[in-house]
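What follows is a set of notes on a single structure, which appears directly below.
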Amino acid sequence: AASAAEKTNPNNNNNNNGPVPRRWVVNAQIPAETGPLRAKLDADGHGYHVVVVLDVKESTLKELAQLDSDPAFAATARGRALALLRRYCAVAPGEPQLGARERGRFKVLAQVRNIDEVDIPNFVKGYNGKPALINKTGLLSKYDDLLEMDVNCHAFGILARKGLQSIYRDFQVRRLLLRTFIHRP
């Protein structure tokens with residue numbers, strides 16, 4: 001088990017990727033109930049967990065290593081995006097829960113691909129595939145070669161919670177395909 005210092009030190013890793021870990025885990029706690037009109041940051045209740053495990057491709061790790069040695073690559077759009085990723089992984093895990101700048105750049109993009117087959121309200125369909133910033137409702141932890149983002153959807157706004165609840169009501173009946181988590185500057 002990782003010690004508290006290992007868990008919270010953003011520069012601690014035993015890999016050759018600098019601050020970028022090889023594995024990312026996103027654990028979203030989805031409410032089964034709408035809950036109160038105004039939820040607190042530590043809101044909790046019955047619900048579901050959606051756990052997504054992402055491995056960074058070897059080609060991406062090679063490009064990260066190339067950033068410092070190849071100024072031409074570093075100046076490309078891909079190089080600049082990887083530099084932002086590296087900065088996020090170095091800075092965000094050490095930021096406080098409230099008032100974080102880098103950690104608040106994490107976005108989730110959920111997309112139900114078979115949206116027309118699912119009986120959910122139209123207002124929810126309008127948000128399908130739209131990004132949402134995960135800031136105060138996200139808890140970021142960094143371990144040796146792993147970055148974990150826990151997203152407390154119980155603390156989302158009332159409309160977002162209602163939308164998630166309506167989607168997950170059908171989740172048990174139909175297979176909904178959700179897309180991915182992204183980080184953008």
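Starting from 1 in every chain, residues are counted up; chains themselves are A, B, ... following the order of the structure tokens, and ligands are numbered from 1 as listed.
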- Item | Shell around stretch 52-57 of chain A at 7 Å using only C-alpha atoms, local window under 5 positions removed, as a PyMOL selection string | chain A and resi 22-27
Go ahead and write the residues just picked, C-alpha atoms, as a PDB file, in the first residue's frame.
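Ended up saving to part31.pdb:
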```
ATOM      1  CA  ARG A  22       1.004   4.726 -17.525  1.00  0.00           C
ATOM      2  CA  ARG A  23      -2.500   4.090 -16.185  1.00  0.00           C
ATOM      3  CA  TRP A  24      -5.473   6.360 -15.464  1.00  0.00           C
ATOM      4  CA  VAL A  25      -8.518   5.303 -13.476  1.00  0.00           C
ATOM      5  CA  VAL A  26     -11.733   7.291 -13.452  1.00  0.00           C
ATOM      6  CA  ASN A  27     -14.274   6.240 -10.836  1.00  0.00           C
TER       7      ASN A  27
END
```
- Which of these residues is nearest to A:Asp150, using only C-alpha atoms: A:Lys130, A:Arg87, A:Lys162, A:His49? A:His49
- May I have the residues within 12 Å of A:Leu61 as number ranges by chain, using only C-alpha atoms and disregarding those fewer than 3 positions away in the same chain? A: 15-23, 55-58, 64-67, 79, 82-83, 85-86
Just N, CA and C atoms for this one: save the residues we selected as a PDB file, in the first residue's frame.
```
ATOM      1  N   ASN A  15       8.619   5.579 -12.788  1.00  0.00           N
ATOM      2  CA  ASN A  15       8.567   5.272 -14.209  1.00  0.00           C
ATOM      3  C   ASN A  15       9.498   6.220 -14.942  1.00  0.00           C
ATOM      4  N   ASN A  16       9.611   6.021 -16.243  1.00  0.00           N
ATOM      5  CA  ASN A  16      10.470   6.875 -17.057  1.00  0.00           C
ATOM      6  C   ASN A  16       9.651   7.882 -17.854  1.00  0.00           C
ATOM      7  N   ASN A  17       8.427   8.104 -17.464  1.00  0.00           N
ATOM      8  CA  ASN A  17       7.527   8.980 -18.203  1.00  0.00           C
ATOM      9  C   ASN A  17       7.418  10.367 -17.591  1.00  0.00           C
ATOM     10  N   GLY A  18       8.287  10.671 -16.639  1.00  0.00           N
ATOM     11  CA  GLY A  18       8.147  11.926 -15.927  1.00  0.00           C
ATOM     12  C   GLY A  18       6.891  11.846 -15.074  1.00  0.00           C
ATOM     13  N   PRO A  19       6.123  12.912 -15.007  1.00  0.00           N
ATOM     14  CA  PRO A  19       4.941  12.904 -14.140  1.00  0.00           C
ATOM     15  C   PRO A  19       3.733  12.171 -14.742  1.00  0.00           C
ATOM     16  N   VAL A  20       3.788  11.797 -16.011  1.00  0.00           N
ATOM     17  CA  VAL A  20       2.636  11.160 -16.663  1.00  0.00           C
ATOM     18  C   VAL A  20       2.623   9.666 -16.336  1.00  0.00           C
ATOM     19  N   PRO A  21       1.568   9.206 -15.675  1.00  0.00           N
ATOM     20  CA  PRO A  21       1.495   7.781 -15.333  1.00  0.00           C
ATOM     21  C   PRO A  21       1.100   6.937 -16.540  1.00  0.00           C
ATOM     22  N   ARG A  22       1.371   5.653 -16.456  1.00  0.00           N
ATOM     23  CA  ARG A  22       1.004   4.726 -17.525  1.00  0.00           C
ATOM     24  C   ARG A  22      -0.483   4.368 -17.475  1.00  0.00           C
ATOM     25  N   ARG A  23      -1.100   4.506 -16.328  1.00  0.00           N
ATOM     26  CA  ARG A  23      -2.500   4.090 -16.185  1.00  0.00           C
ATOM     27  C   ARG A  23      -3.304   5.199 -15.509  1.00  0.00           C
ATOM     28  N   ASP A  55      -5.064   2.881 -20.287  1.00  0.00           N
ATOM     29  CA  ASP A  55      -3.613   2.733 -20.358  1.00  0.00           C
ATOM     30  C   ASP A  55      -3.076   3.671 -21.420  1.00  0.00           C
ATOM     31  N   VAL A  56      -2.006   4.384 -21.109  1.00  0.00           N
ATOM     32  CA  VAL A  56      -1.378   5.288 -22.063  1.00  0.00           C
ATOM     33  C   VAL A  56      -0.622   4.436 -23.079  1.00  0.00           C
ATOM     34  N   LYS A  57      -0.816   4.730 -24.354  1.00  0.00           N
ATOM     35  CA  LYS A  57      -0.164   3.968 -25.425  1.00  0.00           C
ATOM     36  C   LYS A  57       1.353   4.158 -25.379  1.00  0.00           C
ATOM     37  N   GLU A  58       2.066   3.138 -25.802  1.00  0.00           N
ATOM     38  CA  GLU A  58       3.532   3.218 -25.879  1.00  0.00           C
ATOM     39  C   GLU A  58       3.964   4.363 -26.796  1.00  0.00           C
ATOM     40  N   LEU A  64       6.103  11.693 -25.399  1.00  0.00           N
ATOM     41  CA  LEU A  64       6.380  12.471 -24.186  1.00  0.00           C
ATOM     42  C   LEU A  64       7.879  12.590 -23.941  1.00  0.00           C
ATOM     43  N   ALA A  65       8.598  11.494 -24.162  1.00  0.00           N
ATOM     44  CA  ALA A  65      10.057  11.521 -23.999  1.00  0.00           C
ATOM     45  C   ALA A  65      10.715  12.416 -25.038  1.00  0.00           C
ATOM     46  N   GLN A  66      10.083  12.562 -26.172  1.00  0.00           N
ATOM     47  CA  GLN A  66      10.617  13.349 -27.283  1.00  0.00           C
ATOM     48  C   GLN A  66      10.449  14.857 -27.064  1.00  0.00           C
ATOM     49  N   LEU A  67       9.570  15.264 -26.163  1.00  0.00           N
ATOM     50  CA  LEU A  67       9.276  16.685 -25.959  1.00  0.00           C
ATOM     51  C   LEU A  67      10.508  17.520 -25.648  1.00  0.00           C
ATOM     52  N   GLY A  79       2.625  18.103 -29.813  1.00  0.00           N
ATOM     53  CA  GLY A  79       3.637  18.364 -28.794  1.00  0.00           C
ATOM     54  C   GLY A  79       3.130  19.303 -27.705  1.00  0.00           C
ATOM     55  N   LEU A  82       0.672  17.421 -25.488  1.00  0.00           N
ATOM     56  CA  LEU A  82       1.370  16.525 -24.564  1.00  0.00           C
ATOM     57  C   LEU A  82       2.068  17.307 -23.451  1.00  0.00           C
ATOM     58  N   ALA A  83       2.564  18.494 -23.768  1.00  0.00           N
ATOM     59  CA  ALA A  83       3.172  19.332 -22.728  1.00  0.00           C
ATOM     60  C   ALA A  83       2.124  19.737 -21.695  1.00  0.00           C
ATOM     61  N   LEU A  85      -0.558  17.951 -20.966  1.00  0.00           N
ATOM     62  CA  LEU A  85      -0.821  16.724 -20.216  1.00  0.00           C
ATOM     63  C   LEU A  85       0.242  16.508 -19.148  1.00  0.00           C
ATOM     64  N   ARG A  86       1.488  16.700 -19.516  1.00  0.00           N
ATOM     65  CA  ARG A  86       2.588  16.538 -18.562  1.00  0.00           C
ATOM     66  C   ARG A  86       2.472  17.535 -17.413  1.00  0.00           C
TER      67      ARG A  86
END
```
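Our summary of the geometry notes that atom CA of A:Glu63 is positioned 26.1 Å from atom CA of A:Glu95.
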- as a ChimeraX atom specification, which residues of stretch 44-113 of chain A does DSSP assign to alpha helix (DSSP H)? /A:58-66,71-74,77-91
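Interatomic distance, atom CA of A:Arg38 against atom CA of A:Tyr127: 20.5 Å.
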- Tell me, in Å to one decimal, how far atom CA of A:Gln111 is from atom CA of A:Thr34.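 Interatomic distance here is 20.5 Å.
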